[in-house]
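Written below as structure tokens is the structure these notes are about.
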Amino acid sequence: MTAVRKVLLPSPRSFCAGVERAIEIVERLLERHGPPVYVRNQIVHNAQVVAGLEARGAVFVSELDEVPAGALVVFSAHGVAPAVEAEAARRGLDAVDATCPLVAKVHAEAKRAADAGDTVVLIGHEGHEEVVGTMGVAPDRTVLVENATDVAALRVADERRVTYLSQTTLAVTEVDQIAAALRDRFPHIRGQGAEDICYATSNRQAAVAAVVGEADLVLVVGSANSSNSNRLVELARAAGVAAHLVETAAMVDPAWLDGAAAVAVTAGASAPPRLVDEVVAMIAALGPVEVTERPVAEETQEFLLPQRLRGA
């Protein structure tokens, strides 16, 4: 008789409110205006979401010079620098901002600190779109640190005038460690620890942490460029459990499942829920499974759409 495999579904997982809002903005614009609707960079970091919107008429571009003058363009959930907004206005583009409100909050904090004369230290990963946008808020007063080694080498104009902020999709433990190093280096520094990390990122990390001790394998559904998805893989591996990031069920190697009596399946905040269902179905196709939901938090957060898109 084939043994029953346990499939653990940590919750929350998949889409968060900021991702749902960004996708709905593009969908509503396509419905109201028809294609093409241009989107600067991926609306969220998920290839399946992007492909679905492309099929409906969204056109994804890297820079605004790829957008025809006067056209409709959406700024992605990761946010943009004020210089990008200014360029859109200069070219007469009809710009709609899909920046996650929690990223916009970090932008506001960066501007407030820089206007007050502080050096802004941003904890983040170089090149990530959110980091590029946040650093662009006050480029002359913002420096990036990726690890504690960077903190040791940091030089600022006035060590009594420093504020630190964080990319919203990092690992909580990672930010806490770097923040501690910053506080040691600059005793007068202002900041809120890991509080800049969005609730969805921290909740998904807590959910994986709650089940990883029971799992022989963790499968995280998400795209390779999704920061919060990669952090979930790292969390599981740090706990000594095999973990893999997969875009779709087709990427799951059956060999990974050999000897895995309990498999935890989750997804980053930009991955559609149906992709998790497809991974579970793929596992079930190999033999009987017992699927168990493991909730650690309930997410009720909702973000309003831009005023022009509210209502029917």
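If you're wondering about the labels, chains in the structure tokens are A, B, ... by order shown, residues count from 1 in each chain, ligands from 1 in order shown.
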
Report the closest atom pair, with its distance in Å rounded to one decimal, for each residue of range 141-194 of chain A that has an atom no farther than 10 Å from range 223-240 of chain A; count only C-alpha atoms, sort by chain and then rising residue number, and write it as JSON lines.
```
{"residue": "A:Gln167", "atom": "CA", "partner": "A:Ser227", "partner_atom": "CA", "distance": 9.8}
{"residue": "A:Thr168", "atom": "CA", "partner": "A:Asn228", "partner_atom": "CA", "distance": 8.7}
{"residue": "A:Thr169", "atom": "CA", "partner": "A:Asn228", "partner_atom": "CA", "distance": 5.0}
{"residue": "A:Leu170", "atom": "CA", "partner": "A:Asn228", "partner_atom": "CA", "distance": 6.3}
{"residue": "A:Ala171", "atom": "CA", "partner": "A:Arg231", "partner_atom": "CA", "distance": 5.8}
{"residue": "A:Val172", "atom": "CA", "partner": "A:Arg231", "partner_atom": "CA", "distance": 9.4}
{"residue": "A:Thr173", "atom": "CA", "partner": "A:Leu235", "partner_atom": "CA", "distance": 9.4}
{"residue": "A:Glu174", "atom": "CA", "partner": "A:Arg231", "partner_atom": "CA", "distance": 9.6}
```

Backbone DSSP call of helix (DSSP H, G or I) for range 59-195 of chain A, listed as an MDAnalysis selection string: chainID A and resid 64:66 82:90 101:115 129:135 148:152 172:185 193:195

Please save C-alpha atoms of the selected residues as a PDB file, in the first residue's frame.
```
ATOM      1  CA  LEU A  64       9.544  55.400 -20.671  1.00  0.00           C
ATOM      2  CA  ASP A  65      11.225  56.196 -23.992  1.00  0.00           C
ATOM      3  CA  GLU A  66       9.615  52.970 -25.255  1.00  0.00           C
ATOM      4  CA  PRO A  82      10.470  61.113  -8.743  1.00  0.00           C
ATOM      5  CA  ALA A  83      12.648  61.606 -11.843  1.00  0.00           C
ATOM      6  CA  VAL A  84      10.602  58.954 -13.649  1.00  0.00           C
ATOM      7  CA  GLU A  85       7.355  60.695 -12.702  1.00  0.00           C
ATOM      8  CA  ALA A  86       8.813  63.980 -13.962  1.00  0.00           C
ATOM      9  CA  GLU A  87       9.837  62.380 -17.256  1.00  0.00           C
ATOM     10  CA  ALA A  88       6.323  60.998 -17.737  1.00  0.00           C
ATOM     11  CA  ALA A  89       4.854  64.453 -17.165  1.00  0.00           C
ATOM     12  CA  ARG A  90       7.355  66.069 -19.524  1.00  0.00           C
ATOM     13  CA  PRO A 101       1.055  51.941  -0.527  1.00  0.00           C
ATOM     14  CA  LEU A 102       3.595  50.328   1.817  1.00  0.00           C
ATOM     15  CA  VAL A 103       6.411  51.140  -0.626  1.00  0.00           C
ATOM     16  CA  ALA A 104       5.017  54.663  -0.982  1.00  0.00           C
ATOM     17  CA  LYS A 105       5.210  54.945   2.815  1.00  0.00           C
ATOM     18  CA  VAL A 106       8.957  54.177   2.701  1.00  0.00           C
ATOM     19  CA  HIS A 107       9.362  56.815  -0.040  1.00  0.00           C
ATOM     20  CA  ALA A 108       7.638  59.344   2.205  1.00  0.00           C
ATOM     21  CA  GLU A 109       9.909  58.421   5.120  1.00  0.00           C
ATOM     22  CA  ALA A 110      12.992  58.827   2.902  1.00  0.00           C
ATOM     23  CA  LYS A 111      11.877  62.267   1.729  1.00  0.00           C
ATOM     24  CA  ARG A 112      11.046  63.403   5.250  1.00  0.00           C
ATOM     25  CA  ALA A 113      14.434  62.296   6.606  1.00  0.00           C
ATOM     26  CA  ALA A 114      16.399  63.767   3.705  1.00  0.00           C
ATOM     27  CA  ASP A 115      14.515  67.080   3.921  1.00  0.00           C
ATOM     28  CA  GLU A 129      13.345  47.867  -8.673  1.00  0.00           C
ATOM     29  CA  GLU A 130      12.001  48.906  -5.279  1.00  0.00           C
ATOM     30  CA  VAL A 131      15.497  49.886  -4.120  1.00  0.00           C
ATOM     31  CA  VAL A 132      16.147  51.876  -7.316  1.00  0.00           C
ATOM     32  CA  GLY A 133      12.909  53.786  -6.807  1.00  0.00           C
ATOM     33  CA  THR A 134      13.481  54.474  -3.111  1.00  0.00           C
ATOM     34  CA  MET A 135      17.063  55.638  -3.632  1.00  0.00           C
ATOM     35  CA  ALA A 148      26.890  44.203   8.019  1.00  0.00           C
ATOM     36  CA  THR A 149      30.193  44.505   6.133  1.00  0.00           C
ATOM     37  CA  ASP A 150      28.771  47.458   4.225  1.00  0.00           C
ATOM     38  CA  VAL A 151      27.840  49.074   7.551  1.00  0.00           C
ATOM     39  CA  ALA A 152      31.422  48.910   8.797  1.00  0.00           C
ATOM     40  CA  VAL A 172      13.007  39.948   9.004  1.00  0.00           C
ATOM     41  CA  THR A 173      16.103  38.369  10.551  1.00  0.00           C
ATOM     42  CA  GLU A 174      18.326  39.879   7.858  1.00  0.00           C
ATOM     43  CA  VAL A 175      17.050  43.405   8.511  1.00  0.00           C
ATOM     44  CA  ASP A 176      17.261  42.976  12.285  1.00  0.00           C
ATOM     45  CA  GLN A 177      20.930  41.957  12.025  1.00  0.00           C
ATOM     46  CA  ILE A 178      21.873  44.869   9.770  1.00  0.00           C
ATOM     47  CA  ALA A 179      19.842  47.314  11.863  1.00  0.00           C
ATOM     48  CA  ALA A 180      21.704  46.164  14.981  1.00  0.00           C
ATOM     49  CA  ALA A 181      25.014  46.790  13.214  1.00  0.00           C
ATOM     50  CA  LEU A 182      23.820  50.256  12.201  1.00  0.00           C
ATOM     51  CA  ARG A 183      22.812  51.103  15.772  1.00  0.00           C
ATOM     52  CA  ASP A 184      26.225  49.992  17.011  1.00  0.00           C
ATOM     53  CA  ARG A 185      27.959  52.061  14.321  1.00  0.00           C
ATOM     54  CA  GLY A 193      14.043  47.937  12.740  1.00  0.00           C
ATOM     55  CA  ALA A 194      12.174  45.529  10.499  1.00  0.00           C
ATOM     56  CA  GLU A 195       8.948  47.544  10.610  1.00  0.00           C
TER      57      GLU A 195
END
```

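Shortest atom-to-atom contact with Ile25 in chain A among A:Val121, A:Asp97, A:Ala71, A:Gln205: A:Asp97, counting only C-alpha atoms.
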
Nearest to Val296 in chain A, chosen from A:Ala200, A:Ala210, A:Leu53, A:Val4, with only C-alpha atoms counted in the distances: A:Ala210

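Distances to Val291 in chain A were evaluated for A:Ala157, A:Leu304, A:Ala95, A:Val265 using only C-alpha atoms, and the minimum falls at A:Val265.
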
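Taking CA of His45 in chain A and CA of His78 in chain A as the two end points, the separation is 9.0 Å.
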
Apply DSSP to the backbone of this structure and, from range 41-80 of chain A, keep only the residues in strand (DSSP E); write these as a short mmCIF file (atom, residue, chain, number, x, y, z; two decimals) with all heavy atoms, in the first residue's frame.
```cif
data_model
loop_
_atom_site.label_atom_id
_atom_site.label_comp_id
_atom_site.auth_asym_id
_atom_site.auth_seq_id
_atom_site.Cartn_x
_atom_site.Cartn_y
_atom_site.Cartn_z
N ALA A 58 -1.66 44.28 -22.40
CA ALA A 58 -0.67 45.10 -21.70
C ALA A 58 0.68 44.97 -22.41
O ALA A 58 1.04 43.89 -22.91
CB ALA A 58 -0.54 44.66 -20.25
N VAL A 59 1.42 46.07 -22.46
CA VAL A 59 2.74 46.08 -23.09
C VAL A 59 3.75 46.50 -22.03
O VAL A 59 3.69 47.63 -21.51
CB VAL A 59 2.79 47.05 -24.28
CG1 VAL A 59 4.20 47.08 -24.88
CG2 VAL A 59 1.76 46.66 -25.34
N PHE A 60 4.67 45.61 -21.70
CA PHE A 60 5.64 45.87 -20.65
C PHE A 60 6.92 46.43 -21.26
O PHE A 60 7.45 45.87 -22.23
CB PHE A 60 5.92 44.60 -19.85
CG PHE A 60 4.73 44.16 -19.03
CD1 PHE A 60 3.76 43.34 -19.59
CD2 PHE A 60 4.56 44.60 -17.73
CE1 PHE A 60 2.64 42.97 -18.85
CE2 PHE A 60 3.46 44.23 -16.98
CZ PHE A 60 2.49 43.41 -17.55
N VAL A 61 7.40 47.54 -20.69
CA VAL A 61 8.60 48.20 -21.19
C VAL A 61 9.56 48.44 -20.04
O VAL A 61 9.17 48.44 -18.87
CB VAL A 61 8.24 49.55 -21.86
CG1 VAL A 61 7.30 49.34 -23.04
CG2 VAL A 61 7.63 50.53 -20.85
N LEU A 72 -1.01 55.85 -22.42
CA LEU A 72 -1.34 55.46 -21.05
C LEU A 72 -0.24 54.54 -20.52
O LEU A 72 0.11 53.54 -21.15
CB LEU A 72 -2.68 54.74 -21.05
CG LEU A 72 -3.29 54.29 -19.72
CD1 LEU A 72 -3.57 55.50 -18.83
CD2 LEU A 72 -4.58 53.52 -19.99
N VAL A 73 0.31 54.87 -19.35
CA VAL A 73 1.39 54.05 -18.78
C VAL A 73 1.15 53.86 -17.29
O VAL A 73 0.66 54.77 -16.60
CB VAL A 73 2.77 54.69 -19.03
CG1 VAL A 73 2.92 56.03 -18.31
CG2 VAL A 73 3.90 53.73 -18.60
N VAL A 74 1.47 52.67 -16.81
CA VAL A 74 1.30 52.33 -15.40
C VAL A 74 2.67 52.14 -14.77
O VAL A 74 3.54 51.46 -15.34
CB VAL A 74 0.47 51.04 -15.24
CG1 VAL A 74 0.31 50.68 -13.76
CG2 VAL A 74 -0.90 51.19 -15.90
N PHE A 75 2.88 52.73 -13.60
CA PHE A 75 4.09 52.49 -12.82
C PHE A 75 3.85 51.26 -11.96
O PHE A 75 2.81 51.13 -11.32
CB PHE A 75 4.44 53.69 -11.94
CG PHE A 75 4.73 54.95 -12.71
CD1 PHE A 75 4.34 56.18 -12.21
CD2 PHE A 75 5.40 54.90 -13.92
CE1 PHE A 75 4.61 57.35 -12.90
CE2 PHE A 75 5.68 56.06 -14.63
CZ PHE A 75 5.28 57.29 -14.12
#
```

Hey, what's within 7 Å of Val276 in chain A if we count only C-alpha atoms and toss same-chain stuff fewer than 6 positions away? As an mmCIF file with all heavy atoms, in the first residue's frame, please?
```cif
data_model
loop_
_atom_site.group_PDB
_atom_site.id
_atom_site.type_symbol
_atom_site.label_atom_id
_atom_site.label_comp_id
_atom_site.auth_asym_id
_atom_site.auth_seq_id
_atom_site.Cartn_x
_atom_site.Cartn_y
_atom_site.Cartn_z
ATOM 1 N N VAL A 221 6.352 28.646 -4.536
ATOM 2 C CA VAL A 221 5.932 29.047 -5.870
ATOM 3 C C VAL A 221 6.194 30.534 -6.036
ATOM 4 O O VAL A 221 5.735 31.352 -5.228
ATOM 5 C CB VAL A 221 4.438 28.738 -6.096
ATOM 6 C CG1 VAL A 221 4.025 29.167 -7.507
ATOM 7 C CG2 VAL A 221 4.152 27.258 -5.884
ATOM 8 N N VAL A 265 4.012 23.511 0.908
ATOM 9 C CA VAL A 265 3.891 24.248 -0.350
ATOM 10 C C VAL A 265 3.361 25.640 -0.036
ATOM 11 O O VAL A 265 2.301 25.791 0.583
ATOM 12 C CB VAL A 265 2.947 23.550 -1.346
ATOM 13 C CG1 VAL A 265 2.925 24.319 -2.671
ATOM 14 C CG2 VAL A 265 3.368 22.112 -1.585
ATOM 15 N N THR A 266 4.102 26.651 -0.436
ATOM 16 C CA THR A 266 3.679 28.026 -0.204
ATOM 17 C C THR A 266 3.967 28.829 -1.461
ATOM 18 O O THR A 266 4.378 28.284 -2.490
ATOM 19 C CB THR A 266 4.388 28.624 1.026
ATOM 20 O OG1 THR A 266 3.797 29.899 1.326
ATOM 21 C CG2 THR A 266 5.887 28.785 0.789
ATOM 22 N N ALA A 267 3.727 30.134 -1.390
ATOM 23 C CA ALA A 267 3.968 30.996 -2.548
ATOM 24 C C ALA A 267 4.275 32.403 -2.078
ATOM 25 O O ALA A 267 3.748 32.871 -1.069
ATOM 26 C CB ALA A 267 2.751 31.007 -3.474
#
```

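With only C-alpha atoms as the atoms that count, the residue of A:Val263, A:Pro36, A:Val7, A:Cys16 with the shortest distance to Glu299 in chain A is A:Cys16.
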
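Residues within 12 Å of Ala250 in chain A, counting only C-alpha atoms and excluding same-chain residues fewer than 3 positions away, are Val221, Leu245, Val246, Glu247, Asp253, Pro254, Leu275, Val276, Glu278, Val279, Val280, Ala281, Met282 and Ile283 of chain A.
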
Give me a file of those residues, with all heavy atoms, as a JSON list (two decimals), in the first residue's frame.
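In the end it all went to out27.json:
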```json
[["chain", "number", "residue", "atom", "x", "y", "z"],
["A", 221, "VAL", "N", 6.35, 28.65, -4.54],
["A", 221, "VAL", "CA", 5.93, 29.05, -5.87],
["A", 221, "VAL", "C", 6.19, 30.53, -6.04],
["A", 221, "VAL", "O", 5.73, 31.35, -5.23],
["A", 221, "VAL", "CB", 4.44, 28.74, -6.10],
["A", 221, "VAL", "CG1", 4.02, 29.17, -7.51],
["A", 221, "VAL", "CG2", 4.15, 27.26, -5.88],
["A", 245, "LEU", "N", 12.59, 26.93, -5.28],
["A", 245, "LEU", "CA", 11.71, 27.93, -5.87],
["A", 245, "LEU", "C", 11.26, 27.42, -7.23],
["A", 245, "LEU", "O", 12.10, 27.06, -8.07],
["A", 245, "LEU", "CB", 12.44, 29.26, -6.02],
["A", 245, "LEU", "CG", 11.64, 30.43, -6.60],
["A", 245, "LEU", "CD1", 10.55, 30.88, -5.64],
["A", 245, "LEU", "CD2", 12.58, 31.60, -6.92],
["A", 246, "VAL", "N", 9.95, 27.39, -7.47],
["A", 246, "VAL", "CA", 9.43, 26.90, -8.74],
["A", 246, "VAL", "C", 8.46, 27.92, -9.31],
["A", 246, "VAL", "O", 7.65, 28.50, -8.59],
["A", 246, "VAL", "CB", 8.74, 25.53, -8.61],
["A", 246, "VAL", "CG1", 9.75, 24.47, -8.18],
["A", 246, "VAL", "CG2", 7.58, 25.56, -7.63],
["A", 247, "GLU", "N", 8.54, 28.12, -10.60],
["A", 247, "GLU", "CA", 7.62, 29.04, -11.28],
["A", 247, "GLU", "C", 6.23, 28.42, -11.41],
["A", 247, "GLU", "O", 5.22, 29.07, -11.17],
["A", 247, "GLU", "CB", 8.17, 29.37, -12.67],
["A", 247, "GLU", "CG", 7.34, 30.37, -13.46],
["A", 247, "GLU", "CD", 7.63, 31.79, -13.04],
["A", 247, "GLU", "OE1", 8.80, 32.19, -13.00],
["A", 247, "GLU", "OE2", 6.65, 32.49, -12.76],
["A", 253, "ASP", "N", 10.65, 18.85, -9.78],
["A", 253, "ASP", "CA", 11.34, 17.60, -10.14],
["A", 253, "ASP", "C", 10.82, 16.49, -9.23],
["A", 253, "ASP", "O", 10.98, 16.57, -8.00],
["A", 253, "ASP", "CB", 12.85, 17.79, -9.95],
["A", 253, "ASP", "CG", 13.66, 16.59, -10.41],
["A", 253, "ASP", "OD1", 13.07, 15.50, -10.60],
["A", 253, "ASP", "OD2", 14.89, 16.73, -10.58],
["A", 254, "PRO", "N", 10.19, 15.45, -9.79],
["A", 254, "PRO", "CA", 9.67, 14.36, -8.95],
["A", 254, "PRO", "C", 10.73, 13.74, -8.05],
["A", 254, "PRO", "O", 10.41, 13.22, -6.97],
["A", 254, "PRO", "CB", 9.14, 13.35, -9.97],
["A", 254, "PRO", "CG", 8.81, 14.17, -11.18],
["A", 254, "PRO", "CD", 9.86, 15.25, -11.22],
["A", 275, "LEU", "N", -1.52, 28.65, -8.86],
["A", 275, "LEU", "CA", -0.25, 27.96, -9.09],
["A", 275, "LEU", "C", 0.07, 27.01, -7.94],
["A", 275, "LEU", "O", 0.66, 25.95, -8.14],
["A", 275, "LEU", "CB", 0.88, 28.97, -9.29],
["A", 275, "LEU", "CG", 0.74, 29.90, -10.51],
["A", 275, "LEU", "CD1", 1.93, 30.85, -10.57],
["A", 275, "LEU", "CD2", 0.64, 29.09, -11.79],
["A", 276, "VAL", "N", -0.32, 27.39, -6.71],
["A", 276, "VAL", "CA", -0.16, 26.50, -5.56],
["A", 276, "VAL", "C", -1.05, 25.28, -5.73],
["A", 276, "VAL", "O", -0.64, 24.14, -5.51],
["A", 276, "VAL", "CB", -0.48, 27.22, -4.25],
["A", 276, "VAL", "CG1", -0.49, 26.24, -3.07],
["A", 276, "VAL", "CG2", 0.54, 28.33, -3.98],
["A", 278, "GLU", "N", -2.03, 23.93, -8.42],
["A", 278, "GLU", "CA", -1.48, 23.06, -9.47],
["A", 278, "GLU", "C", -0.30, 22.25, -8.95],
["A", 278, "GLU", "O", -0.12, 21.08, -9.33],
["A", 278, "GLU", "CB", -1.08, 23.90, -10.68],
["A", 278, "GLU", "CG", -2.29, 24.49, -11.42],
["A", 278, "GLU", "CD", -1.91, 25.54, -12.45],
["A", 278, "GLU", "OE1", -0.69, 25.76, -12.67],
["A", 278, "GLU", "OE2", -2.84, 26.17, -13.03],
["A", 279, "VAL", "N", 0.51, 22.83, -8.06],
["A", 279, "VAL", "CA", 1.61, 22.07, -7.46],
["A", 279, "VAL", "C", 1.07, 20.95, -6.58],
["A", 279, "VAL", "O", 1.55, 19.81, -6.63],
["A", 279, "VAL", "CB", 2.55, 23.00, -6.66],
["A", 279, "VAL", "CG1", 3.54, 22.18, -5.83],
["A", 279, "VAL", "CG2", 3.31, 23.94, -7.59],
["A", 280, "VAL", "N", 0.05, 21.26, -5.78],
["A", 280, "VAL", "CA", -0.56, 20.24, -4.93],
["A", 280, "VAL", "C", -1.15, 19.12, -5.78],
["A", 280, "VAL", "O", -0.99, 17.93, -5.47],
["A", 280, "VAL", "CB", -1.64, 20.86, -4.02],
["A", 280, "VAL", "CG1", -2.37, 19.78, -3.23],
["A", 280, "VAL", "CG2", -1.01, 21.86, -3.06],
["A", 281, "ALA", "N", -1.80, 19.48, -6.88],
["A", 281, "ALA", "CA", -2.38, 18.47, -7.78],
["A", 281, "ALA", "C", -1.29, 17.60, -8.40],
["A", 281, "ALA", "O", -1.48, 16.38, -8.56],
["A", 281, "ALA", "CB", -3.20, 19.15, -8.87],
["A", 282, "MET", "N", -0.16, 18.20, -8.71],
["A", 282, "MET", "CA", 0.96, 17.43, -9.27],
["A", 282, "MET", "C", 1.47, 16.42, -8.27],
["A", 282, "MET", "O", 1.76, 15.26, -8.60],
["A", 282, "MET", "CB", 2.07, 18.41, -9.68],
["A", 282, "MET", "CG", 3.33, 17.75, -10.22],
["A", 282, "MET", "SD", 4.55, 17.49, -8.89],
["A", 282, "MET", "CE", 5.81, 16.62, -9.79],
["A", 283, "ILE", "N", 1.58, 16.84, -7.00],
["A", 283, "ILE", "CA", 2.04, 15.91, -5.95],
["A", 283, "ILE", "C", 1.01, 14.80, -5.76],
["A", 283, "ILE", "O", 1.36, 13.62, -5.65],
["A", 283, "ILE", "CB", 2.27, 16.67, -4.62],
["A", 283, "ILE", "CG1", 3.40, 17.70, -4.79],
["A", 283, "ILE", "CG2", 2.62, 15.70, -3.50],
["A", 283, "ILE", "CD1", 3.55, 18.64, -3.60]]
```

For Lys6 in chain A, the nearest of the candidates A:Asp258, A:Asp216, A:Glu126, A:Asp94, counting only C-alpha atoms: A:Asp216

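Taking only C-alpha atoms, the non-local environment of Glu31 in chain A within 12 Å (same-chain residues fewer than 2 positions away omitted) comprises Glu24, Ile25, Val26, Glu27, Arg28, Leu29, His33, Gly34, Pro35, Pro36, Val37, Leu53, Arg56, Gly57, Ala58, Leu309 and Ala312 of chain A.
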
Mind dumping the selected residues with C-alpha atoms as a short mmCIF file (atom, residue, chain, number, x, y, z; two decimals), in the first residue's frame?
```cif
data_model
loop_
_atom_site.label_atom_id
_atom_site.label_comp_id
_atom_site.auth_asym_id
_atom_site.auth_seq_id
_atom_site.Cartn_x
_atom_site.Cartn_y
_atom_site.Cartn_z
CA GLU A 24 -6.51 45.24 -10.82
CA ILE A 25 -5.28 48.66 -11.92
CA VAL A 26 -3.95 47.21 -15.18
CA GLU A 27 -7.04 45.05 -15.70
CA ARG A 28 -9.43 47.98 -15.21
CA LEU A 29 -7.44 50.21 -17.52
CA HIS A 33 -9.46 52.13 -22.42
CA GLY A 34 -8.65 48.99 -24.38
CA PRO A 35 -5.13 47.94 -25.34
CA PRO A 36 -2.41 48.87 -25.41
CA VAL A 37 -1.81 49.81 -21.79
CA LEU A 53 -1.79 40.62 -18.80
CA ARG A 56 -5.01 40.91 -22.75
CA GLY A 57 -3.10 43.78 -24.31
CA ALA A 58 -0.67 45.10 -21.70
CA LEU A 309 -10.58 53.73 -11.25
CA ALA A 312 -18.18 50.64 -11.74
#
```

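Atom pair CA of Ser14 in chain A / CA of Tyr38 in chain A: separated by 24.9 Å.
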
Pairwise distance for CA of Gly18 in chain A and CA of Gly92 in chain A, rounded to one decimal in Å: 26.8 Å

Residue nearest Arg160 in chain A among A:Asp118, A:Glu63, A:Ile123, A:Asp140 (counting only C-alpha atoms): A:Asp118

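Residues in contact with Ala261 in chain A at 12 Å, where only C-alpha atoms are counted and same-chain residues fewer than 5 positions away are skipped, are listed as Thr2, Ala3, Val4, Arg5, Lys6, Val7, Leu8, Glu214, Ala215, Asp216, Leu217, Val218, Trp256, Ile283, Gly287, Pro288, Val289 and Glu290 of chain A.
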
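Near Arg308 in chain A, within 10 Å and counting only C-alpha atoms, sit Leu29, Val96, Leu305, Pro306, Arg310 and Gly311 of chain A, not including residues fewer than 2 positions from it in the same chain.
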